[in-house]
Each structure stands twice: as C-alpha cells, then as structure tokens.
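Structure file entry_16.pdb (PDB, C-alpha atoms) follows.
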```
MODEL        1
ATOM      1  CA  MET A   1      96.102 151.946  57.738  1.00  0.00           C
ATOM      2  CA  GLU A   2      93.021 152.252  59.933  1.00  0.00           C
ATOM      3  CA  LYS A   3      89.704 152.391  58.155  1.00  0.00           C
ATOM      4  CA  ALA A   4      88.004 155.781  58.482  1.00  0.00           C
ATOM      5  CA  ILE A   5      84.865 155.724  60.623  1.00  0.00           C
ATOM      6  CA  THR A   6      81.831 157.240  58.949  1.00  0.00           C
ATOM      7  CA  PRO A   7      80.140 159.731  61.282  1.00  0.00           C
ATOM      8  CA  VAL A   8      76.662 158.719  62.394  1.00  0.00           C
ATOM      9  CA  ILE A   9      74.033 161.357  61.712  1.00  0.00           C
ATOM     10  CA  GLU A  10      71.213 161.304  64.248  1.00  0.00           C
ATOM     11  CA  HIS A  11      67.755 162.582  63.315  1.00  0.00           C
ATOM     12  CA  HIS A  12      65.623 164.227  65.946  1.00  0.00           C
ATOM     13  CA  PRO A  13      63.391 161.563  67.558  1.00  0.00           C
ATOM     14  CA  TRP A  14      60.351 163.723  68.354  1.00  0.00           C
ATOM     15  CA  GLY A  15      60.078 166.848  66.249  1.00  0.00           C
ATOM     16  CA  PHE A  16      58.362 169.761  67.989  1.00  0.00           C
ATOM     17  CA  PHE A  17      55.722 169.654  70.711  1.00  0.00           C
ATOM     18  CA  LEU A  18      53.520 172.660  69.970  1.00  0.00           C
ATOM     19  CA  PRO A  19      50.233 173.126  71.849  1.00  0.00           C
ATOM     20  CA  GLU A  20      47.694 175.306  70.020  1.00  0.00           C
ATOM     21  CA  ASN A  21      48.018 177.897  72.797  1.00  0.00           C
ATOM     22  CA  THR A  22      51.842 178.022  72.725  1.00  0.00           C
ATOM     23  CA  HIS A  23      52.946 181.378  74.135  1.00  0.00           C
ATOM     24  CA  LEU A  24      56.525 180.387  74.935  1.00  0.00           C
ATOM     25  CA  LEU A  25      58.758 178.088  72.889  1.00  0.00           C
ATOM     26  CA  MET A  26      61.571 176.485  74.878  1.00  0.00           C
ATOM     27  CA  LEU A  27      64.517 175.294  72.789  1.00  0.00           C
ATOM     28  CA  GLY A  28      67.404 173.036  73.712  1.00  0.00           C
ATOM     29  CA  SER A  29      70.125 171.701  71.458  1.00  0.00           C
ATOM     30  CA  PHE A  30      69.288 167.997  70.946  1.00  0.00           C
ATOM     31  CA  PRO A  31      68.057 165.094  73.122  1.00  0.00           C
ATOM     32  CA  PRO A  32      70.679 163.045  74.986  1.00  0.00           C
ATOM     33  CA  PRO A  33      71.485 159.490  73.830  1.00  0.00           C
ATOM     34  CA  ARG A  34      68.539 157.122  74.286  1.00  0.00           C
ATOM     35  CA  ILE A  35      70.261 155.281  77.137  1.00  0.00           C
ATOM     36  CA  ARG A  36      69.768 158.431  79.232  1.00  0.00           C
ATOM     37  CA  TRP A  37      66.025 158.708  78.646  1.00  0.00           C
ATOM     38  CA  SER A  38      63.596 158.150  81.521  1.00  0.00           C
ATOM     39  CA  MET A  39      60.635 158.962  79.245  1.00  0.00           C
ATOM     40  CA  ASP A  40      59.967 159.491  75.554  1.00  0.00           C
ATOM     41  CA  PHE A  41      59.675 163.264  75.790  1.00  0.00           C
ATOM     42  CA  TYR A  42      61.716 166.427  76.183  1.00  0.00           C
ATOM     43  CA  TYR A  43      64.284 166.745  78.998  1.00  0.00           C
ATOM     44  CA  PRO A  44      64.133 162.976  79.600  1.00  0.00           C
ATOM     45  CA  ASN A  45      67.394 162.627  81.536  1.00  0.00           C
ATOM     46  CA  ILE A  46      66.565 162.112  85.209  1.00  0.00           C
ATOM     47  CA  GLN A  47      69.724 164.076  86.023  1.00  0.00           C
ATOM     48  CA  ASN A  48      68.441 167.127  84.154  1.00  0.00           C
ATOM     49  CA  ASP A  49      66.565 169.537  86.421  1.00  0.00           C
ATOM     50  CA  MET A  50      64.200 171.260  83.969  1.00  0.00           C
ATOM     51  CA  TRP A  51      61.104 169.433  85.220  1.00  0.00           C
ATOM     52  CA  ARG A  52      62.205 170.028  88.814  1.00  0.00           C
ATOM     53  CA  ILE A  53      62.488 173.768  88.087  1.00  0.00           C
ATOM     54  CA  LEU A  54      58.989 173.779  86.576  1.00  0.00           C
ATOM     55  CA  GLY A  55      57.599 171.684  89.418  1.00  0.00           C
ATOM     56  CA  LEU A  56      59.056 174.075  91.961  1.00  0.00           C
ATOM     57  CA  LEU A  57      57.655 177.168  90.213  1.00  0.00           C
ATOM     58  CA  PHE A  58      54.173 175.972  89.314  1.00  0.00           C
ATOM     59  CA  TYR A  59      53.429 173.413  92.053  1.00  0.00           C
ATOM     60  CA  ALA A  60      55.878 174.311  94.858  1.00  0.00           C
ATOM     61  CA  ASP A  61      57.154 170.739  94.524  1.00  0.00           C
ATOM     62  CA  LYS A  62      60.380 169.913  92.699  1.00  0.00           C
ATOM     63  CA  ASP A  63      59.305 166.270  92.471  1.00  0.00           C
ATOM     64  CA  TYR A  64      55.854 166.970  91.006  1.00  0.00           C
ATOM     65  CA  PHE A  65      56.745 165.578  87.567  1.00  0.00           C
ATOM     66  CA  LEU A  66      58.336 162.367  88.853  1.00  0.00           C
ATOM     67  CA  ALA A  67      56.522 159.075  88.239  1.00  0.00           C
ATOM     68  CA  THR A  68      59.177 157.167  90.208  1.00  0.00           C
ATOM     69  CA  PRO A  69      62.490 158.297  91.727  1.00  0.00           C
ATOM     70  CA  LYS A  70      64.154 157.365  88.421  1.00  0.00           C
ATOM     71  CA  ASN A  71      61.501 158.359  85.888  1.00  0.00           C
ATOM     72  CA  PHE A  72      59.602 161.473  84.922  1.00  0.00           C
ATOM     73  CA  SER A  73      55.893 161.187  84.124  1.00  0.00           C
ATOM     74  CA  GLU A  74      55.466 161.856  80.414  1.00  0.00           C
ATOM     75  CA  GLU A  75      51.703 162.194  80.933  1.00  0.00           C
ATOM     76  CA  LYS A  76      52.134 164.946  83.542  1.00  0.00           C
ATOM     77  CA  CYS A  77      54.750 166.756  81.479  1.00  0.00           C
ATOM     78  CA  ARG A  78      52.603 166.814  78.347  1.00  0.00           C
ATOM     79  CA  ALA A  79      49.473 167.854  80.253  1.00  0.00           C
ATOM     80  CA  PHE A  80      51.345 170.713  81.914  1.00  0.00           C
ATOM     81  CA  CYS A  81      52.676 172.057  78.600  1.00  0.00           C
ATOM     82  CA  ASN A  82      49.219 171.922  77.063  1.00  0.00           C
ATOM     83  CA  GLN A  83      47.718 173.680  80.072  1.00  0.00           C
ATOM     84  CA  ILE A  84      50.043 176.700  80.218  1.00  0.00           C
ATOM     85  CA  GLY A  85      50.958 176.950  76.527  1.00  0.00           C
ATOM     86  CA  LEU A  86      54.581 175.836  76.642  1.00  0.00           C
ATOM     87  CA  GLY A  87      56.025 174.569  73.351  1.00  0.00           C
ATOM     88  CA  LEU A  88      59.142 172.413  73.341  1.00  0.00           C
ATOM     89  CA  GLY A  89      61.715 171.781  70.654  1.00  0.00           C
ATOM     90  CA  ASP A  90      65.381 171.734  69.782  1.00  0.00           C
ATOM     91  CA  THR A  91      67.526 173.877  67.518  1.00  0.00           C
ATOM     92  CA  GLY A  92      69.204 170.833  65.950  1.00  0.00           C
ATOM     93  CA  MET A  93      67.232 168.494  63.693  1.00  0.00           C
ATOM     94  CA  GLU A  94      70.172 166.394  62.502  1.00  0.00           C
ATOM     95  CA  VAL A  95      73.420 166.133  64.454  1.00  0.00           C
ATOM     96  CA  ILE A  96      76.642 164.211  64.853  1.00  0.00           C
ATOM     97  CA  ARG A  97      77.846 163.370  68.344  1.00  0.00           C
ATOM     98  CA  GLN A  98      81.587 163.678  67.908  1.00  0.00           C
ATOM     99  CA  LYS A  99      82.244 161.887  71.200  1.00  0.00           C
ATOM    100  CA  GLY A 100      79.071 159.801  71.367  1.00  0.00           C
ATOM    101  CA  ASN A 101      77.870 161.483  74.549  1.00  0.00           C
ATOM    102  CA  ALA A 102      75.321 164.107  75.580  1.00  0.00           C
ATOM    103  CA  SER A 103      77.762 167.007  75.753  1.00  0.00           C
ATOM    104  CA  ASP A 104      76.871 170.060  73.666  1.00  0.00           C
ATOM    105  CA  LYS A 105      80.590 170.755  73.394  1.00  0.00           C
ATOM    106  CA  PHE A 106      80.967 167.803  71.032  1.00  0.00           C
ATOM    107  CA  LEU A 107      77.646 168.200  69.220  1.00  0.00           C
ATOM    108  CA  GLU A 108      77.852 169.121  65.538  1.00  0.00           C
ATOM    109  CA  VAL A 109      74.582 170.429  64.120  1.00  0.00           C
ATOM    110  CA  ILE A 110      74.166 169.241  60.533  1.00  0.00           C
ATOM    111  CA  LYS A 111      70.634 170.549  60.000  1.00  0.00           C
ATOM    112  CA  PRO A 112      69.171 173.319  62.185  1.00  0.00           C
ATOM    113  CA  MET A 113      65.499 173.879  62.917  1.00  0.00           C
ATOM    114  CA  ASN A 114      63.247 175.588  60.369  1.00  0.00           C
ATOM    115  CA  LEU A 115      62.173 178.610  62.387  1.00  0.00           C
ATOM    116  CA  ASP A 116      59.717 179.858  59.742  1.00  0.00           C
ATOM    117  CA  THR A 117      57.770 176.596  59.776  1.00  0.00           C
ATOM    118  CA  VAL A 118      57.701 176.398  63.561  1.00  0.00           C
ATOM    119  CA  LEU A 119      56.573 179.991  64.107  1.00  0.00           C
ATOM    120  CA  THR A 120      53.808 179.574  61.522  1.00  0.00           C
ATOM    121  CA  SER A 121      52.482 176.722  63.678  1.00  0.00           C
ATOM    122  CA  VAL A 122      52.343 178.860  66.838  1.00  0.00           C
ATOM    123  CA  PRO A 123      50.654 182.189  66.002  1.00  0.00           C
ATOM    124  CA  LEU A 124      50.190 183.056  69.695  1.00  0.00           C
ATOM    125  CA  CYS A 125      53.871 182.597  70.537  1.00  0.00           C
ATOM    126  CA  GLN A 126      55.421 185.750  71.957  1.00  0.00           C
ATOM    127  CA  ALA A 127      58.823 184.523  73.133  1.00  0.00           C
ATOM    128  CA  LEU A 128      61.563 181.968  72.567  1.00  0.00           C
ATOM    129  CA  VAL A 129      63.874 180.741  75.296  1.00  0.00           C
ATOM    130  CA  VAL A 130      67.087 178.765  74.931  1.00  0.00           C
ATOM    131  CA  THR A 131      68.674 176.831  77.759  1.00  0.00           C
ATOM    132  CA  GLY A 132      72.264 176.424  76.624  1.00  0.00           C
ATOM    133  CA  GLN A 133      75.030 177.998  74.550  1.00  0.00           C
ATOM    134  CA  LYS A 134      74.884 175.478  71.702  1.00  0.00           C
ATOM    135  CA  ALA A 135      71.152 176.102  71.321  1.00  0.00           C
ATOM    136  CA  MET A 136      71.749 179.845  71.400  1.00  0.00           C
ATOM    137  CA  ASP A 137      74.499 179.730  68.789  1.00  0.00           C
ATOM    138  CA  THR A 138      72.412 177.552  66.471  1.00  0.00           C
ATOM    139  CA  LEU A 139      69.286 179.682  66.812  1.00  0.00           C
ATOM    140  CA  LEU A 140      71.150 182.960  66.358  1.00  0.00           C
ATOM    141  CA  ALA A 141      72.692 181.656  63.134  1.00  0.00           C
ATOM    142  CA  VAL A 142      69.161 181.014  61.826  1.00  0.00           C
ATOM    143  CA  ILE A 143      67.732 184.335  62.999  1.00  0.00           C
ATOM    144  CA  ARG A 144      70.649 186.400  61.732  1.00  0.00           C
ATOM    145  CA  GLU A 145      69.976 185.219  58.200  1.00  0.00           C
ATOM    146  CA  HIS A 146      66.961 187.549  58.386  1.00  0.00           C
ATOM    147  CA  THR A 147      67.722 190.180  61.011  1.00  0.00           C
ATOM    148  CA  SER A 148      70.494 191.315  63.314  1.00  0.00           C
ATOM    149  CA  LEU A 149      70.103 190.354  66.951  1.00  0.00           C
ATOM    150  CA  LYS A 150      72.302 190.817  69.982  1.00  0.00           C
ATOM    151  CA  GLU A 151      72.797 187.729  72.147  1.00  0.00           C
ATOM    152  CA  PRO A 152      71.008 188.244  75.462  1.00  0.00           C
ATOM    153  CA  GLU A 153      72.848 187.725  78.722  1.00  0.00           C
ATOM    154  CA  VAL A 154      71.882 184.789  80.938  1.00  0.00           C
ATOM    155  CA  GLY A 155      68.651 185.638  82.737  1.00  0.00           C
ATOM    156  CA  SER A 156      67.618 188.374  80.300  1.00  0.00           C
ATOM    157  CA  PHE A 157      66.060 188.837  76.859  1.00  0.00           C
ATOM    158  CA  GLU A 158      66.405 190.790  73.618  1.00  0.00           C
ATOM    159  CA  SER A 159      63.473 191.780  71.413  1.00  0.00           C
ATOM    160  CA  PHE A 160      63.592 191.229  67.658  1.00  0.00           C
ATOM    161  CA  THR A 161      61.373 191.258  64.597  1.00  0.00           C
ATOM    162  CA  TYR A 162      61.120 188.143  62.468  1.00  0.00           C
ATOM    163  CA  SER A 163      58.798 187.732  59.473  1.00  0.00           C
ATOM    164  CA  GLY A 164      56.747 190.682  60.645  1.00  0.00           C
ATOM    165  CA  ARG A 165      56.408 189.428  64.241  1.00  0.00           C
ATOM    166  CA  THR A 166      57.951 191.026  67.303  1.00  0.00           C
ATOM    167  CA  LEU A 167      59.320 188.385  69.649  1.00  0.00           C
ATOM    168  CA  LYS A 168      61.488 188.134  72.724  1.00  0.00           C
ATOM    169  CA  LEU A 169      64.510 185.850  72.917  1.00  0.00           C
ATOM    170  CA  TYR A 170      65.399 184.776  76.444  1.00  0.00           C
ATOM    171  CA  ARG A 171      68.627 183.133  77.559  1.00  0.00           C
ATOM    172  CA  MET A 172      68.059 181.050  80.678  1.00  0.00           C
ATOM    173  CA  PRO A 173      70.568 179.050  82.746  1.00  0.00           C
ATOM    174  CA  SER A 174      71.125 175.474  81.649  1.00  0.00           C
ATOM    175  CA  SER A 175      69.026 172.956  83.574  1.00  0.00           C
ATOM    176  CA  SER A 176      71.930 170.507  83.403  1.00  0.00           C
ATOM    177  CA  ARG A 177      73.574 169.811  86.734  1.00  0.00           C
ATOM    178  CA  ALA A 178      76.866 170.536  85.023  1.00  0.00           C
ATOM    179  CA  TYR A 179      75.875 174.210  85.208  1.00  0.00           C
ATOM    180  CA  PRO A 180      77.153 175.322  88.629  1.00  0.00           C
ATOM    181  CA  LYS A 181      74.138 176.978  90.218  1.00  0.00           C
ATOM    182  CA  PRO A 182      71.735 175.597  92.884  1.00  0.00           C
ATOM    183  CA  LEU A 183      68.272 174.510  91.762  1.00  0.00           C
ATOM    184  CA  VAL A 184      66.482 177.222  93.756  1.00  0.00           C
ATOM    185  CA  GLU A 185      68.658 179.949  92.224  1.00  0.00           C
ATOM    186  CA  LYS A 186      68.015 178.672  88.700  1.00  0.00           C
ATOM    187  CA  ALA A 187      64.286 178.506  89.431  1.00  0.00           C
ATOM    188  CA  ALA A 188      64.275 182.141  90.577  1.00  0.00           C
ATOM    189  CA  ILE A 189      65.700 183.243  87.214  1.00  0.00           C
ATOM    190  CA  TYR A 190      63.123 181.182  85.308  1.00  0.00           C
ATOM    191  CA  GLN A 191      60.389 182.606  87.527  1.00  0.00           C
ATOM    192  CA  ARG A 192      61.050 186.148  86.323  1.00  0.00           C
ATOM    193  CA  MET A 193      60.731 185.025  82.703  1.00  0.00           C
ATOM    194  CA  PHE A 194      57.433 183.180  83.242  1.00  0.00           C
ATOM    195  CA  GLU A 195      56.049 186.166  85.148  1.00  0.00           C
ATOM    196  CA  GLN A 196      57.069 188.617  82.418  1.00  0.00           C
ATOM    197  CA  ILE A 197      55.358 186.524  79.746  1.00  0.00           C
ATOM    198  CA  GLY A 198      52.266 186.107  81.901  1.00  0.00           C
ATOM    199  CA  LEU A 199      52.368 182.328  82.272  1.00  0.00           C
ATOM    200  CA  LEU A 200      52.988 182.506  86.023  1.00  0.00           C
ATOM    201  CA  PRO A 201      51.160 184.918  88.358  1.00  0.00           C
ATOM    202  CA  ARG A 202      53.595 187.229  90.099  1.00  0.00           C
ATOM    203  CA  GLY A 203      54.576 185.984  93.510  1.00  0.00           C
ATOM    204  CA  LYS A 204      53.307 182.427  92.930  1.00  0.00           C
ATOM    205  CA  GLY A 205      56.670 180.737  92.267  1.00  0.00           C
TER     206      GLY A 205
ENDMDL
END
```

Can you dump the structure from the file as structure tokens?
Amino acid sequence: MEKAITPVIEHHPWGFFLPENTHLLMLGSFPPPRIRWSMDFYYPNIQNDMWRILGLLFYADKDYFLATPKNFSEEKCRAFCNQIGLGLGDTGMEVIRQKGNASDKFLEVIKPMNLDTVLTSVPLCQALVVTGQKAMDTLLAVIREHTSLKEPEVGSFESFTYSGRTLKLYRMPSSSRAYPKPLVEKAAIYQRMFEQIGLLPRGKG
C-alpha cells in the first residue's frame, strides 16, 4: 500500500502591500511557485502581463517596469503603487497546490483573506478589483457572509456596502497569457476602470 502524501500548506509570502493613500485594492488568488518569480513582489512571473498593462496605461510603454528582459523592477513597481495609491494583495492567505503548479484551477484556499482587517488599514479605499475567477469566488464567499452581492461581469463592477462603507467591486480580465485576449485589448478594459476611479486622467492611457 502506498503511503498517503500529506498536502503541503503554503503561507502567503508577502502579506498585503497597502500604501497610506490606497484608493484601489487589486486582488489576485495567490503568488505562483517561487521558481516563477522574477522579483520578490506581486505579479512576479515575467510571463504575467499585469505590469505591462500598467506600463502601457500610465507610461505608454509596456516595458516600463522591466529591469531586464527577464526581470521586473521591484523598486519601480513599489514606487508606482505608492504614487497612485494602488494596494496589492491576494484573496488566499494559506493554500494547497493540488498539482504543484501556478494554476488557479488546482488551487485550494485553506484560509482566505481577512477583509475587515485589510479595509480598516485603507480608509481611503473606494474599490476592489479581482483579476481571476478563483480570486472572485474566494472574495465573494467572504463578502457574502455579511451582505449579498452579485458577481460583476468581466470589465464591469457592482457596488456594495460592507461594514458601513460603500465600495465598488470590479472584475477585470486576467493578466495571465493563458487568458485569450491581446495585451492592448486587456489594457483598454483596465483603462476604463482606472479612469472611473480617478487614478488615470481620461484619455491618457
């Protein structure tokens, strides 16, 4: 008889990155395995296009956040988030990778984020945005313990009240290249969100 393999529970490596002026909190599911990191910060996989989307929108340069062709610049990424008030985090704090890879499909969330604690830390925050279905499902499970909320369609938002605060929940396209949409088209959808929140002047992106 084969010996049963005990699942490995991974704890989130970074916690939340929350500038004092956080107006928008961007939430993924969980960081990829360390072997895929090009920096010790959010969206570290060089194959993930989040920083290219942001570079395109705010600097008209998809490569703005690159330090080398194979590495993002953690310094630039952090400085940018602090400048515009972009908080970063994940909906999973403890997870099991059922297949040992970065796929959300095989990600089991053992402990979700504590939304109350996070929102208390960002009093200026007016919106949350998730970038994948696993993140959306995990966040909705947390929110719906307190209030009903319809899942927004990709590219749109739903407003909700949580602990006395009115917030918007956006659902944006995944920045993973596995999501079949060109970079420029994804960026255009993100542009509308940043303009609506007031973090990007209309017509700049």

Separation of atom CA of Thr138 of chain A from atom CA of Val109 of chain A in Å: 7.8 Å

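Proximity ranking of A:Pro44, A:Pro123, A:Gly198, A:Gly15 relative to Thr166 of chain A places A:Pro123 first, based on only C-alpha atoms.
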
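Proximity to Arg165 of chain A was assessed for A:Asn48, A:Val95, A:Gln126, A:Arg144 counting only C-alpha atoms; the smallest distance is recorded for A:Gln126.
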
Can you check which parts of segment 130-187 of chain A lie within 9 Å of segment 53-67 of chain A? Per residue, the shortest pair of atoms and distance in Å to one decimal, counting only C-alpha atoms, sorted by chain and number, as CSV.
```
residue,atom,partner,partner_atom,distance
A:Ser175,CA,A:Ile53,CA,8.0
A:Leu183,CA,A:Ile53,CA,6.9
A:Val184,CA,A:Ile53,CA,7.7
A:Lys186,CA,A:Ile53,CA,7.4
A:Ala187,CA,A:Ile53,CA,5.2
```

Shell around Ile96 of chain A at 12 Å using only C-alpha atoms, local window under 2 positions removed, as a list in words: Thr6, Pro7, Val8, Ile9, Glu10, His11, His12, Ser29, Phe30, Pro31, Pro32, Pro33, Gly92, Met93, Glu94, Gln98, Lys99, Gly100, Asn101, Ala102, Ser103, Asp104, Lys105, Phe106, Leu107, Glu108, Val109, Ile110 and Lys111 of chain A

Explicit residue set for the PyMOL selection byres ((chain A and resi 45) around 9), as a list of chain:residue names: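 So the PyMOL selection byres ((chain A and resi 45) around 9), applied here, picks out A:Pro31, A:Pro32, A:Arg36, A:Trp37, A:Ser38, A:Met39, A:Tyr42, A:Tyr43, A:Pro44, A:Ile46, A:Gln47, A:Asn48, A:Asp49, A:Asn71, A:Phe72.
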
Interatomic distance (Å, one decimal) between atom CA of Thr161 of chain A and atom CA of Ser176 of chain A: 29.9 Å

Could you write out as JSON the box around segment 53-72 of chain A (axis-aligned, all atoms listed in the file, 8 Å on each side), with centre and edge lengths in Å to one decimal?
```
{"center_x": 58.8, "center_y": 167.2, "center_z": 89.9, "size_x": 26.7, "size_y": 36.0, "size_z": 25.9}
```

Residues selected by the PyMOL selection byres ((chain A and resi 163) around 10), written as JSON, numbers by chain: {"A": [116, 119, 120, 146, 147, 161, 162, 164, 165, 166]}

Residues in the PyMOL selection byres ((chain A and resi 85) around 7), expressed as number ranges by chain: A: 19, 21-24, 81-84, 86-87

Atom pair atom CA of Met50 of chain A / atom CA of Ser174 of chain A: separation (Å):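 Those two atoms sit 8.4 Å apart.
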
Surrounding residues of Tyr170 of chain A excluding itself and chain neighbours under 2 positions, 9 Å, only C-alpha atoms, as a list in words: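 Using only C-alpha atoms, the neighbours found are Ala127, Leu128, Val129, Val130, Thr131, Pro152, Glu153, Val154, Gly155, Ser156, Phe157, Glu158, Ser159, Lys168, Met172 and Met193 of chain A.
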
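Distances here use only C-alpha atoms; by that measure, the residue among A:Asn114, A:Leu199, A:Met26, A:Trp51 closest to Ala135 of chain A is A:Met26.
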